[in-house]
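Taking it in order: structure first as structure tokens, then the write-up.
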Amino acid sequence: MSPHLRRRSATAATLALLTLGATLGSAAPAQAAADRIRLGNAADADRAAWQGPAFTMNGDGSVVPGSMSRAIDTIRGNTGSLDVVVLAGSAPSSGSRTPECDTVMRLTGVNSCTTWTLTRAADGNNTQANTDIRRAEFVYFAGGDQCRYVRWKGTALETSVESVVAKGGGAGGGSAGHHVSSPVVYDACGGSATSADALADPYDRSVTFTTGMFEWPHYAGVVNDSHFGARDRMGRTMAFVARAVKDGLTPGGRAWGVGVDEKGSLFIDRNGLATQYGANAWVVLGDHVPERAVAGRPLTYSDYKIWRLTPGATFDFANRPTCGYYRRSVTNGVAQANLYNGTPESCAASAP
């Protein structure tokens, strides 16, 4: 066979293989189907009333046993057992397929834990997933990509999660799941913002928000942030807060950033009282319009009020404190030193 004919034969064979592959691919789903894994009892727990709501806000994707146990015990009134659903936008990259449920099932008072991996926006209307959510007493959003989660806004899933809280259950999450748990969601749909990016330009393409999804009791006006100290995110939270005030994303001309360290968890009870577990958290208040927050220019904002919450510390979101903070400012995109620690102004000094 001539070299020319051999090349043509090879090309024909290649085309045949590509055609076969295309045919097989068209027969398969374009995207992975919703995936369900249930641990524990096959039948749901059943009782007339629950004692929540209760919430957990975690700095990374892992479940913090101390705060999760308190949420479970609060919701079930320390008697009986309940069901947990974990929602993930993607499967774990290694190890267990159910890392959150593996921890949850070791806690007292858990009847079952079901992991749903929902990879498409349309999965927010998956009938079986929504049935599981509505029958559960706690919904935990796993770590991953919060941009996937905000695409469930307006789907049945949003309403189902809200129904769990309304019946006295609870909700929360870690990392991406922490972000989606605040009324102003830093959604990262334009990429992951760094503190340097956000301070240099609070309207950087990476600084994008979703609002109008979950509005939990006593938690108005908040934008959450995660992996806080490890990834040096105080600067970007300052920018988020300034944007929320400037753009009217929060009520009353003020915004609150809640940043939680890795291995940390903020438990919040039905009265709005938060208790810190595991590692530190910070609450960052911006209570005035930024001196400068415009596209393409570095941020200037004076006198953020910052509360540092160590494990065991409390913060009352229902009656937010007016003292006990330290102050830090940002000038021309440069934040003051010692952002993560300061000497609190005494409550006596703050009194009129």
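Ligands are numbered from 1 in the order shown, chains are lettered A, B, ... in the order of the structure tokens, and residues start at 1 in each chain.
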
Can you pull out every residue within 8 Å of A:Ser181, counting only C-alpha atoms, but drop anything in the same chain fewer than 6 positions away, and send it as a list in words?
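Counting only C-alpha atoms, the residues come to Met57, Gly172, Gly173, Phe214 and Asn224 of chain A.
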
Per-residue nearest contacts of stretch 122-163 of chain A to stretch 86-98 of chain A (8 Å; only C-alpha atoms) as CSV:
```
residue,atom,partner,partner_atom,distance
A:Val139,CA,A:Val86,CA,5.8
A:Tyr140,CA,A:Val86,CA,4.7
A:Phe141,CA,A:Leu87,CA,4.9
A:Ala142,CA,A:Ala88,CA,5.2
A:Gly143,CA,A:Ala88,CA,7.2
A:Gly144,CA,A:Gly89,CA,6.8
A:Asp145,CA,A:Gly89,CA,7.0
A:Arg148,CA,A:Gly89,CA,6.1
A:Tyr149,CA,A:Gly89,CA,6.8
```

Can you list, as a list in words, every residue of stretch 265-297 of chain A that DSSP puts in strand (DSSP E or B)?
Ser265, Leu266, Phe267, Ile268, Leu273, Ala274, Thr275, Gln276, Tyr277, Ala281, Trp282, Val283, Val284, Leu285, Gly286 and Arg292 of chain A

Taking into account only C-alpha atoms, which residue in the set A:Leu157, A:Leu273, A:Val185, A:Ala279 is nearest to A:His227?
A:Ala279

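All residues of protein, DNA or RNA that reach within 6 Å of stretch 110-118 of chain A, judged by only C-alpha atoms and not counting those fewer than 3 positions away in the chain, are Ala34, Asp35, Arg36, Ile37, Arg38, Leu39, Gly40, Asn41, Ser81, Leu82, Asp83, Val84, Val85, Val86, Leu87, Ala88, Gly89, Ser90, Cys101 and Asp123 of chain A.
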
With N, CA, C and O atoms kept, could you save the residues just selected as a PDB file, in the first residue's frame?
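Heads up, here's the output in again_11.pdb:
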```pdb
ATOM      1  N   ALA A  34     -27.906  13.235  39.787  1.00  0.00           N
ATOM      2  CA  ALA A  34     -27.869  13.475  41.222  1.00  0.00           C
ATOM      3  C   ALA A  34     -27.579  12.165  41.946  1.00  0.00           C
ATOM      4  O   ALA A  34     -28.114  11.118  41.608  1.00  0.00           O
ATOM      5  N   ASP A  35     -26.725  12.256  42.957  1.00  0.00           N
ATOM      6  CA  ASP A  35     -26.253  11.051  43.644  1.00  0.00           C
ATOM      7  C   ASP A  35     -26.686  11.098  45.104  1.00  0.00           C
ATOM      8  O   ASP A  35     -26.526  12.126  45.776  1.00  0.00           O
ATOM      9  N   ARG A  36     -27.213   9.983  45.620  1.00  0.00           N
ATOM     10  CA  ARG A  36     -27.728   9.899  46.979  1.00  0.00           C
ATOM     11  C   ARG A  36     -27.080   8.748  47.714  1.00  0.00           C
ATOM     12  O   ARG A  36     -27.069   7.621  47.225  1.00  0.00           O
ATOM     13  N   ILE A  37     -26.529   9.026  48.893  1.00  0.00           N
ATOM     14  CA  ILE A  37     -25.982   7.986  49.769  1.00  0.00           C
ATOM     15  C   ILE A  37     -26.536   8.223  51.169  1.00  0.00           C
ATOM     16  O   ILE A  37     -26.347   9.299  51.746  1.00  0.00           O
ATOM     17  N   ARG A  38     -27.213   7.217  51.722  1.00  0.00           N
ATOM     18  CA  ARG A  38     -27.808   7.342  53.053  1.00  0.00           C
ATOM     19  C   ARG A  38     -27.082   6.430  54.030  1.00  0.00           C
ATOM     20  O   ARG A  38     -26.864   5.252  53.746  1.00  0.00           O
ATOM     21  N   LEU A  39     -26.721   6.976  55.173  1.00  0.00           N
ATOM     22  CA  LEU A  39     -26.150   6.213  56.267  1.00  0.00           C
ATOM     23  C   LEU A  39     -27.137   6.193  57.426  1.00  0.00           C
ATOM     24  O   LEU A  39     -27.898   7.136  57.625  1.00  0.00           O
ATOM     25  N   GLY A  40     -27.114   5.119  58.210  1.00  0.00           N
ATOM     26  CA  GLY A  40     -28.010   5.022  59.358  1.00  0.00           C
ATOM     27  C   GLY A  40     -29.303   4.324  59.006  1.00  0.00           C
ATOM     28  O   GLY A  40     -29.352   3.481  58.107  1.00  0.00           O
ATOM     29  N   ASN A  41     -30.372   4.679  59.697  1.00  0.00           N
ATOM     30  CA  ASN A  41     -31.650   4.000  59.523  1.00  0.00           C
ATOM     31  C   ASN A  41     -32.328   4.385  58.210  1.00  0.00           C
ATOM     32  O   ASN A  41     -32.290   5.539  57.793  1.00  0.00           O
ATOM     33  N   SER A  81     -34.177  11.182  68.327  1.00  0.00           N
ATOM     34  CA  SER A  81     -33.134  11.335  67.309  1.00  0.00           C
ATOM     35  C   SER A  81     -33.702  12.087  66.117  1.00  0.00           C
ATOM     36  O   SER A  81     -34.914  12.299  66.001  1.00  0.00           O
ATOM     37  N   LEU A  82     -32.824  12.519  65.227  1.00  0.00           N
ATOM     38  CA  LEU A  82     -33.240  13.308  64.074  1.00  0.00           C
ATOM     39  C   LEU A  82     -32.460  12.878  62.833  1.00  0.00           C
ATOM     40  O   LEU A  82     -31.526  12.075  62.898  1.00  0.00           O
ATOM     41  N   ASP A  83     -32.857  13.438  61.696  1.00  0.00           N
ATOM     42  CA  ASP A  83     -32.243  13.116  60.408  1.00  0.00           C
ATOM     43  C   ASP A  83     -31.527  14.337  59.842  1.00  0.00           C
ATOM     44  O   ASP A  83     -32.027  15.467  59.939  1.00  0.00           O
ATOM     45  N   VAL A  84     -30.372  14.097  59.244  1.00  0.00           N
ATOM     46  CA  VAL A  84     -29.532  15.145  58.663  1.00  0.00           C
ATOM     47  C   VAL A  84     -29.398  14.894  57.170  1.00  0.00           C
ATOM     48  O   VAL A  84     -29.257  13.749  56.736  1.00  0.00           O
ATOM     49  N   VAL A  85     -29.442  15.968  56.388  1.00  0.00           N
ATOM     50  CA  VAL A  85     -29.130  15.899  54.968  1.00  0.00           C
ATOM     51  C   VAL A  85     -27.941  16.795  54.690  1.00  0.00           C
ATOM     52  O   VAL A  85     -27.899  17.952  55.139  1.00  0.00           O
ATOM     53  N   VAL A  86     -26.955  16.271  53.979  1.00  0.00           N
ATOM     54  CA  VAL A  86     -25.801  17.040  53.526  1.00  0.00           C
ATOM     55  C   VAL A  86     -25.962  17.305  52.030  1.00  0.00           C
ATOM     56  O   VAL A  86     -26.219  16.382  51.252  1.00  0.00           O
ATOM     57  N   LEU A  87     -25.831  18.570  51.631  1.00  0.00           N
ATOM     58  CA  LEU A  87     -25.923  18.961  50.225  1.00  0.00           C
ATOM     59  C   LEU A  87     -24.553  19.367  49.723  1.00  0.00           C
ATOM     60  O   LEU A  87     -23.874  20.197  50.338  1.00  0.00           O
ATOM     61  N   ALA A  88     -24.135  18.777  48.600  1.00  0.00           N
ATOM     62  CA  ALA A  88     -22.835  19.084  48.001  1.00  0.00           C
ATOM     63  C   ALA A  88     -23.017  19.367  46.522  1.00  0.00           C
ATOM     64  O   ALA A  88     -23.839  18.734  45.851  1.00  0.00           O
ATOM     65  N   GLY A  89     -22.238  20.318  46.011  1.00  0.00           N
ATOM     66  CA  GLY A  89     -22.295  20.638  44.590  1.00  0.00           C
ATOM     67  C   GLY A  89     -21.332  19.834  43.755  1.00  0.00           C
ATOM     68  O   GLY A  89     -21.377  19.881  42.524  1.00  0.00           O
ATOM     69  N   SER A  90     -20.450  19.088  44.418  1.00  0.00           N
ATOM     70  CA  SER A  90     -19.496  18.220  43.722  1.00  0.00           C
ATOM     71  C   SER A  90     -19.077  17.125  44.685  1.00  0.00           C
ATOM     72  O   SER A  90     -19.179  17.272  45.907  1.00  0.00           O
ATOM     73  N   CYS A 101     -21.164  13.145  56.643  1.00  0.00           N
ATOM     74  CA  CYS A 101     -22.022  12.165  57.316  1.00  0.00           C
ATOM     75  C   CYS A 101     -21.220  11.192  58.170  1.00  0.00           C
ATOM     76  O   CYS A 101     -21.726  10.701  59.190  1.00  0.00           O
ATOM     77  N   ASP A 123     -30.878  20.478  39.439  1.00  0.00           N
ATOM     78  CA  ASP A 123     -31.008  19.500  40.516  1.00  0.00           C
ATOM     79  C   ASP A 123     -31.687  20.087  41.747  1.00  0.00           C
ATOM     80  O   ASP A 123     -32.125  19.347  42.635  1.00  0.00           O
TER      81      ASP A 123
END
```

What residues in stretch 91-244 of chain A get the DSSP label helix (DSSP H, G or I)? Please answer as a ChimeraX atom specification.
/A:99-104,121-125,127-135,146-150,156-166,176-179,195-200,234-244

Of the candidates A:Gly342, A:Gly66, A:Pro217, A:Gly59, which one gets nearest to A:Ala171 if we count only C-alpha atoms?
A:Pro217

Shell around A:Lys263 at 10 Å using only C-alpha atoms, local window under 3 positions removed, as a PyMOL selection string
chain A and resi 58-64+174+227+260+277-280

Residue subset to file, keeping C-alpha atoms, as a JSON list (two decimals), in the first residue's frame:
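Once everything was written out, this is result-v9.json:
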```
[["chain", "number", "residue", "atom", "x", "y", "z"],
["A", 58, "ASN", "CA", -18.02, 26.74, 59.91],
["A", 59, "GLY", "CA", -14.71, 28.12, 58.68],
["A", 60, "ASP", "CA", -13.90, 25.10, 56.53],
["A", 61, "GLY", "CA", -15.95, 22.30, 55.02],
["A", 62, "SER", "CA", -15.59, 19.84, 57.87],
["A", 63, "VAL", "CA", -18.23, 19.29, 60.54],
["A", 64, "VAL", "CA", -17.12, 20.56, 63.97],
["A", 174, "GLY", "CA", -18.71, 24.99, 56.08],
["A", 227, "HIS", "CA", -10.75, 30.06, 55.95],
["A", 260, "VAL", "CA", -14.51, 32.07, 60.80],
["A", 277, "TYR", "CA", -16.34, 26.54, 68.95],
["A", 278, "GLY", "CA", -12.98, 25.11, 67.94],
["A", 279, "ALA", "CA", -11.09, 28.13, 66.64],
["A", 280, "ASN", "CA", -11.55, 31.89, 66.38]]
```

For the atom pair atom CA of A:Leu199 and atom CA of A:Gln336, what is the interatomic distance in Å to one decimal place?
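Atom-to-atom, atom CA of A:Leu199 to atom CA of A:Gln336, that is 11.9 Å.
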
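For the set A:Thr131, A:Thr331, A:Gln146, A:Asn338, the residue with the smallest atom-to-atom gap to A:Ala188 is A:Gln146, counting only C-alpha atoms.
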